[in-house]
Structures are given as C-alpha cells and as structure tokens.
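Worksheet: the structure to be examined is printed underneath.
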Amino acid sequence: MLELRSVNAGYGSFQALFDVSLEVKAGEAVAVIGPNGAGKTTLLRAMTRLIDLRSGQLSMESKDFTQAPAHEVVSLGIAHVPEGRRLFPRLTVEDNLRMGAFLPGARAEFSSRLEKVYSLFPRMAERRYQLAGTMSGGEQQMCAIGRALMSGPRLLLLDEPSAGLAPVVVQSIFDLVRQLRTEGYTVLIVEQNIQQVLQVVDRAYLLETGRIRSSGDAKALLGSEAIRRAYLGLV
Amino acid sequence: MDSIFDIFLLEAVLNGVLLGGLLALLSLGLNLIFGVIDVVWICYAELVMIGMYGIWWLHTQQGLPLPLAMVISISMVAACGVLLHQYVVSPVLSAEPINQLLVTGGVLFFLQAFATVLFGVEFRNVGFRMPSLNLGDMSFSGARLVAFGVAVAAIGGMWWFLRNTYLGTAIRAISQDRGVMPLMGVNARQIYTLTSALGGGFAGLAACLLVLQYDVHPAIGLTFGPLTFLICVLGGLGNLIGGLVAAFVFAQFISVGGFFLQLEWGYVIAFVFFIAVMFWKPEGLLSKRR
C-alpha cells in the first residue's frame, strides 16, 4: 500500500533519515519504534511531504507521490495524526472534525462520517460544542484521531498517540488502535511505548539515529536483543 | 429648552451609531487580515483611496453608471489586496513585525505619491449626494444611513461565512495553526489569497460608502487610516467582535463629545480615551483570543 524506497531527508545541514526503506501492506498494522531523536517523527513528516526528501521515492497504492505538494497527500487516502495532536484549540470539537473533512470529496460524506466518529468516541459527541483546547489530553487525542478519520483515509499514520497521557488513558489509546484495525483501517504507528505498541501491531521497524536497524514480526521483536538495547537506550 | 437639548443629544447618539457602522466596516478588513495572516496592512486606507479614485474615474470620466463603477472598483481593490499579499507581504511573512510594518508603510507612501502623479492634488467628487432624512427635529445623513445598513449587512455576512462554511472554518483555523493545514488537505497559500481578497474587497466596499460622503484626494487615507488602525488596536487587533465594539465606542465619543463641545473636540476626547485604554488594557478592550 505505502512504500518508501531509500529515503534520505533532514532539516538544513542536518540529515535525519538515511536510506530508509519501508513498506506497509493493506490491512496491516505496522509500528516504527526507536529511542527519542531516532527520526521517527521526521519519517512521518517525510511520508506526508511536510518536509522534502533529499533522495528516494514515496508511493501509495503504486502511485508515486514523491513530488506531490503536502496538501495533496490526504486525497491519496493517507491521514496523518501529528505529534502533539495539533488540534485547533479555539475551534469547537465539531469544527475541528469539519476541518478533517475539508476536501470536496469528504464534504459530501461529512454527516455520515461525523456519526461514525461520534459512535466511536461518544465523549466527542458530548463535547461537540466545546473548544478543543479546553479538553484533557486523552480527549484531545481522540479528537485528533477523529479529525483524521473524517477525511475517509485507508491508511492512518499515528505519531506517538500515547505521549503525555496518563497510563490508564494510554491503554485505551492502544485498545483504540486495535479497534481501528478491525474497522478495516491500515495503520502505521510511531511509538516510544515499545512494550505496549508491539502487542497491537503485526510488524515493526526499529529506527536508530535515522537508520532502520532491524525489522520483523512484532512478537519476535518483543523478545529480541536489539529491542532490549533500544528500549534501555530510552532510560 | 430641556426637551430641545434632549432631542439634539438623541440625534448625536444616533449619528454616533451610524458613524460607528461605517468605522466598523472600515476596520473589518484590516482586522481580518491581521487576525488571519498576522500582518498589519498599514496601507489599508490607501486601498480605500484606490477604490474611491476608481469609482470617481469610472463614473465621471468614463461615464459608467455609479453602481457598476462601484462593483468594478470593489473587484479591483480585492485584486489589489491579492497583489499586495503576493508581492509585498508574502516575502516578509516570517520577517520581524517591524519589517512588515515598514514594507506596507512604504506601500502607503508609494500609493499616495502615485495617486498624486495620476490624478493631481485636486479634491474630486462623484457629484452625487444622498438627501438627508428628517425625523421631527432630528436630521440624519442619508449616506450614513446607507453606510450603516451596508456595514451591518457586510459584518453579519462575514460572521455567517466564518461560522458556517468550510472555507470560513479554514480561515479561522489557519490563524491558530498554520503548519498543520496541509494535513487537512488545505493549501495555506490559497487561504491567504482568499483572505487578502476579502480584506481588499472590504476596503473597496468602504470606498463605495465613503465616496458618497467625502471628496477623494491623494492624502485622504491619512484622514481615516490612523483612526481605522486605532479602532482595531482598541478592540484588540485581530478580534472582529472587539473591533466592532471599539468602532461604536469611538463613534460615540466623536459624536456625543462633539455635541457637548465642538466637533473637533470629539476627536480629541476619543483619542484621549484611546491613550487611557492603552495604559489600562494595552491588549485592547477585548483582547485577541489566542
């Protein structure tokens, strides 16, 4: 579905990603794990064209979009829930969701998708007229995921959805990821919460200092030596 | 004696309300631009001047009917707003605010000088004056009544647009987080272009209403440009409701102050009030909601 081939990218003179190749197949849940500063967020930003590649190719469902402007990536069926959620704090929950359905194709589906998001997150229905910035972190994360779903994506990119949340809420976010899979979404999730994320995905890539160090079946990685090292690197 | 005093005071208050509508419309475009793009168009009143010259030239020199001249001028000033954004504001979008002020301030003097070259320093008018409306002993300027009605409709329309459309929601959203807009499928450049066209369009609309009451000359921007800017600051720059409130407060100071003293004193009192507010609440009466 999504394919990255030999991607090099960075900011200014700083190179953050070295020769990264990665693939997500339709229906899969894939994680990119690794320590702080490994380039995980940069990798997602490169995937949705928020930063330019120095070299390499991006393709979605065999369609190359290496040169596409960032605002056209959504229309390929990719929705990106960015690091820190990035809701519009002084818009209501419903207006935030409306922004997720901005593209003309999505506008026609607005009501039906809104209903779906509200049934997935009943809390959002209760708070539809509340300003997004006044909600708790967990609620904001639900709203951010809901906003991404409003575009009707086939592939969902989640950047550290558990960051900054209370442990109880973290668990509910991972339960949600599991639920999204059963709803038919393909998911690529970037996480530092390695132990938990490996229990909800099929495969994972380990990213260290901008390079893919290893990859494979989630269960196998959970017990591997390389992961233990990266995991300890966190502390 | 008492009742005559009362009725003239009432007339001054009502005239203040009418003036407030015009000032509110004048500040709307400037406020919108600041609220969304975070840049102050110091040359905003000169865009209004372009519109007034446009109407005068099309109507008196080219013989077009006044309404047609107005519609063309509004579109023309809207286009000027887009050009201003594209070629002047956009290159300094991430520069220091002082640089942005200097650049748009430079455009102010450029437009003034250019208008002098094109049209000379003479006062021009469209040769059309609205009759005034008399209610008992009170008299109201017809042009101000029209201006008030149009201003209220335009502000109401803008409010509805910002609240109820996808583009309006995007305009509100982009002022809160520009960087995330591409992830919504929004082309930020297009939203800025649209906002600039709206800001310019409001300047053009203000020109239509001013040209019914005032002669146009190259320095006309200086007579109400500072006033417009002060109203936006008083209301809290970028806050549309604050600007609306400030316009009506300011207009009452001018109108009622001028009633008790002389007209000129009305302005003096209004500006003293402005300075006092700046000491008391420098962020404006209703500060910008961040």
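We label chains A, B, ... in the order they appear in the structure tokens, count residues from 1 in each chain, and number ligands from 1 in the order shown.
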
- Message: Residues within 6 Å of Asn8 (chain A), please, as a ChimeraX atom specification. Count only C-alpha atoms; anything in the same chain fewer than 4 positions from it doesn't count.
- Response: /A:17-19,53-55

Please produce a file of the residues just selected, as a CSV table (one decimal), in the first residue's frame, where the atoms kept are N, CA and C atoms.
```csv
chain,number,residue,atom,x,y,z
A,17,LEU,N,17.3,11.2,8.3
A,17,LEU,CA,17.0,9.9,7.8
A,17,LEU,C,18.0,9.5,6.7
A,18,PHE,N,18.5,8.2,6.9
A,18,PHE,CA,19.5,7.7,6.0
A,18,PHE,C,19.0,6.5,5.3
A,19,ASP,N,18.7,6.6,4.0
A,19,ASP,CA,18.4,5.4,3.2
A,19,ASP,C,17.3,4.5,3.8
A,53,LEU,N,12.3,15.4,0.5
A,53,LEU,CA,13.3,14.4,0.5
A,53,LEU,C,14.5,14.9,-0.2
A,54,ARG,N,15.7,14.4,0.3
A,54,ARG,CA,16.9,14.7,-0.5
A,54,ARG,C,17.0,13.7,-1.6
A,55,SER,N,16.6,12.5,-1.4
A,55,SER,CA,16.5,11.5,-2.4
A,55,SER,C,15.6,10.4,-2.0
```

- Identify, on the basis of only C-alpha atoms, every residue whose closest approach to region 208-212 of chain B does not exceed 12 Å; exclude the query and any residue fewer than 4 positions from it along the same chain; express the result as JSON, numbers by chain. {"B": [19, 21, 22, 23, 25, 26, 45, 47, 48, 49, 50, 51, 52, 53, 54, 55, 56, 57, 59, 66, 67, 68, 69, 70, 71, 72, 73, 74, 75, 77, 123, 124, 125, 126, 127, 128, 129, 130, 131, 141, 142, 143, 144, 145, 146, 147, 148, 149, 150, 151, 201, 202, 203, 204, 216, 217, 220, 221, 223, 224]}

With chain B as the partner and 7 Å as the cut-off, tabulate the residues of chain A that qualify, each row holding the nearest pair of atoms and their distance in Å to one decimal, using only C-alpha atoms, sorted by chain and rising number, as JSON lines.
```
{"residue": "A:Ala70", "atom": "CA", "partner": "B:Pro182", "partner_atom": "CA", "distance": 5.5}
{"residue": "A:His71", "atom": "CA", "partner": "B:Pro182", "partner_atom": "CA", "distance": 4.1}
{"residue": "A:Glu72", "atom": "CA", "partner": "B:Gly185", "partner_atom": "CA", "distance": 6.0}
{"residue": "A:Val74", "atom": "CA", "partner": "B:Gly185", "partner_atom": "CA", "distance": 5.6}
{"residue": "A:His80", "atom": "CA", "partner": "B:Leu183", "partner_atom": "CA", "distance": 6.4}
{"residue": "A:Arg86", "atom": "CA", "partner": "B:Val180", "partner_atom": "CA", "distance": 6.8}
{"residue": "A:Phe88", "atom": "CA", "partner": "B:Gln176", "partner_atom": "CA", "distance": 6.0}
{"residue": "A:Asp95", "atom": "CA", "partner": "B:Thr169", "partner_atom": "CA", "distance": 7.0}
{"residue": "A:Met99", "atom": "CA", "partner": "B:Met184", "partner_atom": "CA", "distance": 6.2}
{"residue": "A:Gly100", "atom": "CA", "partner": "B:Met184", "partner_atom": "CA", "distance": 5.3}
{"residue": "A:Phe102", "atom": "CA", "partner": "B:Tyr166", "partner_atom": "CA", "distance": 6.3}
{"residue": "A:Leu103", "atom": "CA", "partner": "B:Gly185", "partner_atom": "CA", "distance": 6.2}
```

I want to know what sits within 9 Å of region 3-17 of chain B, based on only C-alpha atoms, with residues of the same chain fewer than 5 positions away left out; could you give that as a tab-separated table (two decimals) with C-alpha atoms, in the first residue's frame?
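Generated file (selection.tsv):
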```tsv
chain	number	residue	atom	x	y	z
B	137	ASP	CA	-36.35	68.00	14.65
B	138	MET	CA	-33.63	65.47	14.01
B	139	SER	CA	-31.65	65.19	10.79
B	140	PHE	CA	-29.60	62.22	9.62
B	141	SER	CA	-27.20	61.99	6.70
B	144	ARG	CA	-24.50	57.50	6.73
B	145	LEU	CA	-27.79	55.60	6.92
B	148	PHE	CA	-24.67	51.83	8.40
B	248	PHE	CA	-19.20	52.06	18.15
B	249	VAL	CA	-17.50	53.28	21.36
B	250	PHE	CA	-15.17	55.52	19.37
B	251	ALA	CA	-18.00	56.89	17.25
B	252	GLN	CA	-19.97	57.82	20.37
B	253	PHE	CA	-17.01	59.75	21.76
B	254	ILE	CA	-16.67	61.63	18.49
B	255	SER	CA	-20.38	62.29	18.05
B	256	VAL	CA	-21.54	62.99	21.61
B	257	GLY	CA	-18.25	64.71	22.56
B	258	GLY	CA	-18.70	66.93	19.54
B	259	PHE	CA	-22.25	67.66	20.66
B	260	PHE	CA	-21.26	68.96	24.09
```

- Query: Which polymer residues have any atom within 8 Å of an atom of region 23-33 of chain A, counting only C-alpha atoms, with same-chain residues fewer than 3 positions away left out, as a count of residues only?
  - Reply: 26

- Message: For the helix (DSSP H, G or I) assignment from backbone DSSP, which residues of region 11-201 of chain A qualify? Please present them as an MDAnalysis selection string.
- Response: chainID A and resid 40:47 70:72 74:76 93:100 104:107 110:120 122:126 132:134 137:149 167:182 194:197

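CA of Asp52 (chain A) is positioned 17.5 Å from CA of Arg211 (chain A).
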